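Next comes target.pdb, a file with PDB, C-alpha atoms.
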ATOM      1  CA  MET Z   1     123.915  54.873  85.163
ATOM      2  CA  GLY Z   2     121.946  55.964  82.074
ATOM      3  CA  LYS Z   3     118.711  54.745  83.641
ATOM      4  CA  ASP Z   4     119.391  56.749  86.851
ATOM      5  CA  MET Z   5     120.075  59.903  84.829
ATOM      6  CA  PHE Z   6     116.802  59.419  82.946
ATOM      7  CA  LYS Z   7     114.855  59.017  86.229
ATOM      8  CA  LEU Z   8     116.537  62.076  87.695
ATOM      9  CA  GLY Z   9     115.742  64.106  84.568
ATOM     10  CA  LEU Z  10     112.132  62.906  84.568
ATOM     11  CA  ASN Z  11     111.740  63.815  88.263
ATOM     12  CA  LEU Z  12     113.133  67.298  87.643
ATOM     13  CA  LEU Z  13     110.801  67.720  84.653
ATOM     14  CA  ILE Z  14     107.764  66.732  86.741
ATOM     15  CA  ILE Z  15     108.754  69.032  89.627
ATOM     16  CA  SER Z  16     109.330  71.941  87.214
ATOM     17  CA  ALA Z  17     106.010  71.354  85.445
ATOM     18  CA  VAL Z  18     104.100  71.271  88.756
ATOM     19  CA  ALA Z  19     105.862  74.441  89.961
ATOM     20  CA  ALA Z  20     105.070  76.241  86.680
ATOM     21  CA  LEU Z  21     101.444  75.145  86.877
ATOM     22  CA  LEU Z  22     101.139  76.397  90.473
ATOM     23  CA  LEU Z  23     102.723  79.743  89.551
ATOM     24  CA  ALA Z  24     100.342  80.154  86.593
ATOM     25  CA  LEU Z  25      97.377  79.316  88.808
ATOM     26  CA  THR Z  26      98.491  81.793  91.485
ATOM     27  CA  ASN Z  27      98.988  84.493  88.841
ATOM     28  CA  SER Z  28      95.521  83.973  87.368
ATOM     29  CA  VAL Z  29      93.931  84.134  90.829
ATOM     30  CA  THR Z  30      95.764  87.316  91.883
ATOM     31  CA  ALA Z  31      95.817  89.217  88.545
ATOM     32  CA  SER Z  32      92.487  90.969  89.081
ATOM     33  CA  THR Z  33      93.390  91.927  92.671
ATOM     34  CA  ILE Z  34      96.701  93.382  91.493
ATOM     35  CA  ALA Z  35      94.933  95.327  88.722
ATOM     36  CA  GLN Z  36      92.403  96.714  91.236
ATOM     37  CA  ARG Z  37      95.169  97.796  93.614
ATOM     38  CA  ASN Z  38      97.074  99.483  90.780
ATOM     39  CA  GLU Z  39      93.947 101.377  89.719
ATOM     40  CA  GLN Z  40      93.280 102.382  93.325
ATOM     41  CA  ALA Z  41      96.879 103.649  93.673
ATOM     42  CA  ASN Z  42      96.502 105.629  90.428
ATOM     43  CA  ALA Z  43      93.178 107.119  91.587
ATOM     44  CA  GLU Z  44      94.780 108.196  94.879
ATOM     45  CA  ALA Z  45      97.771 109.666  93.014
ATOM     46  CA  ARG Z  46      95.407 111.668  90.761
ATOM     47  CA  LYS Z  47      93.702 113.160  93.832
ATOM     48  CA  LEU Z  48      97.080 114.003  95.409
ATOM     49  CA  VAL Z  49      98.362 115.942  92.406
ATOM     50  CA  LEU Z  50      95.111 117.782  91.683
ATOM     51  CA  GLU Z  51      93.638 118.305  95.142
ATOM     52  CA  SER Z  52      90.734 120.429  93.878
ATOM     53  CA  ALA Z  53      89.287 117.371  92.086
ATOM     54  CA  GLN Z  54      87.832 114.108  93.317
ATOM     55  CA  ASP Z  55      86.162 112.764  90.170
ATOM     56  CA  PHE Z  56      88.095 112.015  86.978
ATOM     57  CA  GLU Z  57      87.324 110.781  83.484
ATOM     58  CA  GLN Z  58      89.916 109.223  81.195
ATOM     59  CA  VAL Z  59      90.866 111.134  78.035
ATOM     60  CA  LYS Z  60      91.508 108.595  75.310
ATOM     61  CA  ASP Z  61      92.045 110.550  72.103
ATOM     62  CA  ALA Z  62      94.711 113.077  73.087
ATOM     63  CA  LYS Z  63      97.944 113.250  71.133
ATOM     64  CA  THR Z  64     100.777 112.212  73.485
ATOM     65  CA  ASP Z  65     103.854 112.885  71.322
ATOM     66  CA  ASN Z  66     106.411 115.077  73.060
ATOM     67  CA  SER Z  67     109.922 116.337  72.379
ATOM     68  CA  LYS Z  68     111.277 114.589  75.494
ATOM     69  CA  GLY Z  69     110.371 111.149  74.123
ATOM     70  CA  VAL Z  70     108.659 110.284  77.407
ATOM     71  CA  GLU Z  71     105.778 107.822  77.310
ATOM     72  CA  VAL Z  72     102.459 109.254  78.494
ATOM     73  CA  SER Z  73     100.531 106.191  79.660
ATOM     74  CA  GLU Z  74      97.286 107.833  80.756
ATOM     75  CA  ILE Z  75      95.505 111.169  80.821
ATOM     76  CA  TYR Z  76      92.533 112.032  83.012
ATOM     77  CA  GLU Z  77      90.395 115.153  83.088
ATOM     78  CA  ALA Z  78      88.875 116.363  86.342
ATOM     79  CA  LYS Z  79      85.095 116.303  86.074
ATOM     80  CA  ASP Z  80      84.534 118.453  89.159
ATOM     81  CA  ALA Z  81      87.414 120.928  88.788
ATOM     82  CA  SER Z  82      89.545 122.605  86.142
ATOM     83  CA  GLY Z  83      92.537 120.456  85.322
ATOM     84  CA  ASN Z  84      94.123 117.253  84.128
ATOM     85  CA  THR Z  85      96.383 114.529  85.438
ATOM     86  CA  LEU Z  86      98.927 112.798  83.239
ATOM     87  CA  LYS Z  87     100.856 109.655  84.084
ATOM     88  CA  VAL Z  88     104.285 109.758  82.482
ATOM     89  CA  LEU Z  89     107.083 107.178  82.428
ATOM     90  CA  PRO Z  90     110.489 108.887  82.189
ATOM     91  CA  SER Z  91     113.700 106.838  82.374
ATOM     92  CA  GLY Z  92     115.759 107.390  85.509
ATOM     93  CA  TYR Z  93     119.041 105.981  86.740
ATOM     94  CA  GLY Z  94     117.516 102.699  87.974
ATOM     95  CA  GLY Z  95     114.850 102.294  85.277
ATOM     96  CA  THR Z  96     111.414 103.671  84.544
ATOM     97  CA  ILE Z  97     109.895 106.142  86.986
ATOM     98  CA  GLU Z  98     106.100 106.105  87.189
ATOM     99  CA  LEU Z  99     105.114 109.738  87.724
ATOM    100  CA  MET Z 100     101.688 111.380  88.072
ATOM    101  CA  VAL Z 101     101.573 115.071  87.139
ATOM    102  CA  GLY Z 102      98.677 117.390  87.970
ATOM    103  CA  ILE Z 103      97.918 120.491  85.955
ATOM    104  CA  ASP Z 104      95.549 123.175  87.218
ATOM    105  CA  SER Z 105      94.207 124.723  84.031
ATOM    106  CA  ALA Z 106      92.401 127.551  85.862
ATOM    107  CA  LYS Z 107      95.670 128.778  87.384
ATOM    108  CA  GLY Z 108      97.819 127.754  84.405
ATOM    109  CA  GLN Z 109     100.358 125.909  86.524
ATOM    110  CA  VAL Z 110     101.556 122.531  87.748
ATOM    111  CA  SER Z 111      99.434 121.616  90.768
ATOM    112  CA  GLY Z 112     101.696 118.812  91.969
ATOM    113  CA  ILE Z 113     103.548 115.608  91.191
ATOM    114  CA  ASN Z 114     103.557 112.167  92.748
ATOM    115  CA  VAL Z 115     106.204 109.503  92.143
ATOM    116  CA  VAL Z 116     103.950 106.437  92.020
ATOM    117  CA  SER Z 117     106.846 103.983  91.733
ATOM    118  CA  ASN Z 118     110.556 103.928  90.975
ATOM    119  CA  SER Z 119     113.617 101.733  91.247
ATOM    120  CA  GLU Z 120     116.106 104.494  91.913
ATOM    121  CA  THR Z 121     119.055 104.153  94.280
ATOM    122  CA  ALA Z 122     117.987 104.170  97.942
ATOM    123  CA  GLY Z 123     119.157 107.297  99.735
ATOM    124  CA  LEU Z 124     119.811 109.148  96.475
ATOM    125  CA  GLY Z 125     117.382 108.932  93.551
ATOM    126  CA  ALA Z 126     114.681 107.470  95.778
ATOM    127  CA  LYS Z 127     114.565 110.925  97.424
ATOM    128  CA  SER Z 128     112.449 111.965  94.440
ATOM    129  CA  THR Z 129     109.468 110.938  96.594
ATOM    130  CA  ASP Z 130     110.460 113.348  99.396
ATOM    131  CA  PRO Z 131     108.282 116.485  99.617
ATOM    132  CA  GLU Z 132     111.464 118.589  99.800
ATOM    133  CA  PHE Z 133     112.066 117.661  96.155
ATOM    134  CA  SER Z 134     108.599 116.972  94.754
ATOM    135  CA  ASP Z 135     106.947 120.082  96.256
ATOM    136  CA  GLN Z 136     109.230 122.259  94.104
ATOM    137  CA  TYR Z 137     107.001 121.539  91.103
ATOM    138  CA  LYS Z 138     103.839 122.968  92.693
ATOM    139  CA  GLY Z 139     102.954 126.303  91.184
ATOM    140  CA  LYS Z 140     105.486 126.096  88.345
ATOM    141  CA  PRO Z 141     104.342 127.698  85.083
ATOM    142  CA  LEU Z 142     103.267 125.545  82.152
ATOM    143  CA  GLU Z 143     106.537 125.936  80.279
ATOM    144  CA  GLU Z 144     109.710 123.880  80.024
ATOM    145  CA  LEU Z 145     111.515 123.424  83.337
ATOM    146  CA  SER Z 146     115.211 122.816  83.889
ATOM    147  CA  VAL Z 147     117.339 121.277  86.623
ATOM    148  CA  LEU Z 148     119.719 123.425  88.663
ATOM    149  CA  LYS Z 149     122.602 121.689  90.457
ATOM    150  CA  ASN Z 150     123.603 124.587  92.734
ATOM    151  CA  GLY Z 151     122.130 127.865  93.815
ATOM    152  CA  THR Z 152     118.618 129.169  94.237
ATOM    153  CA  PRO Z 153     116.188 127.973  91.564
ATOM    154  CA  GLY Z 154     114.238 130.496  89.512
ATOM    155  CA  ASP Z 155     110.633 130.323  88.314
ATOM    156  CA  THR Z 156     111.317 127.588  85.756
ATOM    157  CA  GLU Z 157     114.091 125.746  87.611
ATOM    158  CA  ILE Z 158     114.116 122.749  89.941
ATOM    159  CA  LYS Z 159     116.940 122.204  92.441
ATOM    160  CA  ALA Z 160     118.449 118.753  91.837
ATOM    161  CA  ILE Z 161     118.651 116.083  94.506
ATOM    162  CA  SER Z 162     122.263 116.076  95.688
ATOM    163  CA  GLY Z 163     124.032 113.108  94.112
ATOM    164  CA  ALA Z 164     121.028 112.206  91.974
ATOM    165  CA  THR Z 165     121.058 114.588  89.028
ATOM    166  CA  ILE Z 166     119.987 111.808  86.623
ATOM    167  CA  THR Z 167     116.853 111.105  88.657
ATOM    168  CA  SER Z 168     116.135 114.828  89.093
ATOM    169  CA  THR Z 169     116.459 115.332  85.335
ATOM    170  CA  ALA Z 170     114.267 112.286  84.605
ATOM    171  CA  VAL Z 171     111.462 113.555  86.844
ATOM    172  CA  THR Z 172     111.751 117.033  85.323
ATOM    173  CA  ASN Z 173     111.665 115.538  81.800
ATOM    174  CA  GLY Z 174     108.491 113.702  82.798
ATOM    175  CA  VAL Z 175     106.898 116.910  84.056
ATOM    176  CA  ASP Z 176     108.050 118.740  80.908
ATOM    177  CA  ALA Z 177     106.483 116.011  78.740
ATOM    178  CA  ALA Z 178     103.193 116.334  80.646
ATOM    179  CA  ILE Z 179     103.248 120.125  80.244
ATOM    180  CA  GLU Z 180     103.969 119.817  76.510
ATOM    181  CA  VAL Z 181     101.157 117.288  75.958
ATOM    182  CA  TYR Z 182      98.788 119.490  77.972
ATOM    183  CA  ASN Z 183      99.729 122.631  76.021
ATOM    184  CA  ASN Z 184      99.499 120.888  72.619
ATOM    185  CA  SER Z 185      96.516 118.572  73.094
ATOM    186  CA  LEU Z 186      94.436 119.434  76.147
ATOM    187  CA  LYS Z 187      94.538 123.217  76.683
TER     188      LYS Z 187
END
In structure tokens, write the structure found in this file.
Amino acid sequence: MGKDMFKLGLNLLIISAVAALLLALTNSVTASTIAQRNEQANAEARKLVLESAQDFEQVKDAKTDNSKGVEVSEIYEAKDASGNTLKVLPSGYGGTIELMVGIDSAKGQVSGINVVSNSETAGLGAKSTDPEFSDQYKGKPLEELSVLKNGTPGDTEIKAISGATITSTAVTNGVDAAIEVYNNSLK
């Protein structure tokens, strides 16, 4: 019986080692393709949120501290227009929301947002990608925004997604963080 258990354990060890090796090999082969696709998605998101620009250059030395405590993972400056894009990572209900924010510096307003990825609840928080919600940010002034649960939003207010106030607040905090970093470091 002891000998059979040893053989069984050895077989499982060999199978696990082969599976781990194959997974590592697959990861190393696909890592560069995944990185290229992520960069392509980010480039497309930059163009969506700052439509007046097509060519961007990364800003590496900007101060990204903000009162919202939201991570700012990248900042790009439009080379062929007046503005910046900032990728922010606010925490939503289902985890981190990857959000691209465009700022039109000539007009002094938010030019648009794009939820690059999220793991919010389907049918609720995932509605943050719907134009009905995300288009509210276009044209907002470069000052702190707030979330409104009911009623008609004012100049600095965003109407929350029904049943998804946490996600609405997270996206708004991300936009607020981008505005603050822009005003303090890029303006």
Residue contacts of Z:Thr121 (10 Å, only C-alpha atoms) excluding same-chain residues fewer than 2 positions away, as a list in words |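 Counting only C-alpha atoms, the residues come to Gly92, Tyr93, Gly94, Asn118, Ser119, Gly123, Leu124, Gly125, Ala126, Lys127, Ala164 and Thr167 of chain Z.
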Spatial neighbours of Z:Ile158, 10 Å, only C-alpha atoms, chain gap at least 6 places, as number ranges by chain | Z: 133-137, 140, 145-149, 152, 168-169, 172
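Across the model, the gap from atom CA of Z:Asn38 to atom CA of Z:Asn114 is 14.4 Å.
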Between Z:Val72, Z:Asn150, Z:Lys47, Z:Ile113, which has the minimum distance to Z:Asp130 (counting only C-alpha atoms)?
->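 Between Z:Val72, Z:Asn150, Z:Lys47, Z:Ile113, the residue approaching Z:Asp130 most closely is Z:Ile113.
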Name the residues in contact with Z:Asn173 at a cut-off of 9 Å, using only C-alpha atoms, excluding same-chain residues fewer than 2 positions from it; report them as a count of residues only.
-> 16
Resolved residues for the PyMOL selection byres ((chain Z and resi 56-59) around 12) as a PyMOL selection string | chain Z and resi 42-47+50-55+60-64+72-87+102+182+185-186
Write the residues you've just listed into a file as a CSV table (one decimal), keeping the file's coordinate frame, and include C-alpha atoms for each of them.
chain,number,residue,atom,x,y,z
Z,42,ASN,CA,96.5,105.6,90.4
Z,43,ALA,CA,93.2,107.1,91.6
Z,44,GLU,CA,94.8,108.2,94.9
Z,45,ALA,CA,97.8,109.7,93.0
Z,46,ARG,CA,95.4,111.7,90.8
Z,47,LYS,CA,93.7,113.2,93.8
Z,50,LEU,CA,95.1,117.8,91.7
Z,51,GLU,CA,93.6,118.3,95.1
Z,52,SER,CA,90.7,120.4,93.9
Z,53,ALA,CA,89.3,117.4,92.1
Z,54,GLN,CA,87.8,114.1,93.3
Z,55,ASP,CA,86.2,112.8,90.2
Z,60,LYS,CA,91.5,108.6,75.3
Z,61,ASP,CA,92.0,110.6,72.1
Z,62,ALA,CA,94.7,113.1,73.1
Z,63,LYS,CA,97.9,113.2,71.1
Z,64,THR,CA,100.8,112.2,73.5
Z,72,VAL,CA,102.5,109.3,78.5
Z,73,SER,CA,100.5,106.2,79.7
Z,74,GLU,CA,97.3,107.8,80.8
Z,75,ILE,CA,95.5,111.2,80.8
Z,76,TYR,CA,92.5,112.0,83.0
Z,77,GLU,CA,90.4,115.2,83.1
Z,78,ALA,CA,88.9,116.4,86.3
Z,79,LYS,CA,85.1,116.3,86.1
Z,80,ASP,CA,84.5,118.5,89.2
Z,81,ALA,CA,87.4,120.9,88.8
Z,82,SER,CA,89.5,122.6,86.1
Z,83,GLY,CA,92.5,120.5,85.3
Z,84,ASN,CA,94.1,117.3,84.1
Z,85,THR,CA,96.4,114.5,85.4
Z,86,LEU,CA,98.9,112.8,83.2
Z,87,LYS,CA,100.9,109.7,84.1
Z,102,GLY,CA,98.7,117.4,88.0
Z,182,TYR,CA,98.8,119.5,78.0
Z,185,SER,CA,96.5,118.6,73.1
Z,186,LEU,CA,94.4,119.4,76.1
Point-to-point distance in Å for atom CA of Z:Val29 and atom CA of Z:Leu99 = 28.1 Å
Once 6 Å is added on each side, what are the centre and the three edge lengths, in Å to one decimal, of the axis-aligned box enclosing the listed atoms of stretch 103-110 of chain Z? Present them as lines of an AutoDock Vina configuration file.
center_x = 97.0
center_y = 124.6
center_z = 85.9
size_x = 21.2
size_y = 20.3
size_z = 15.7
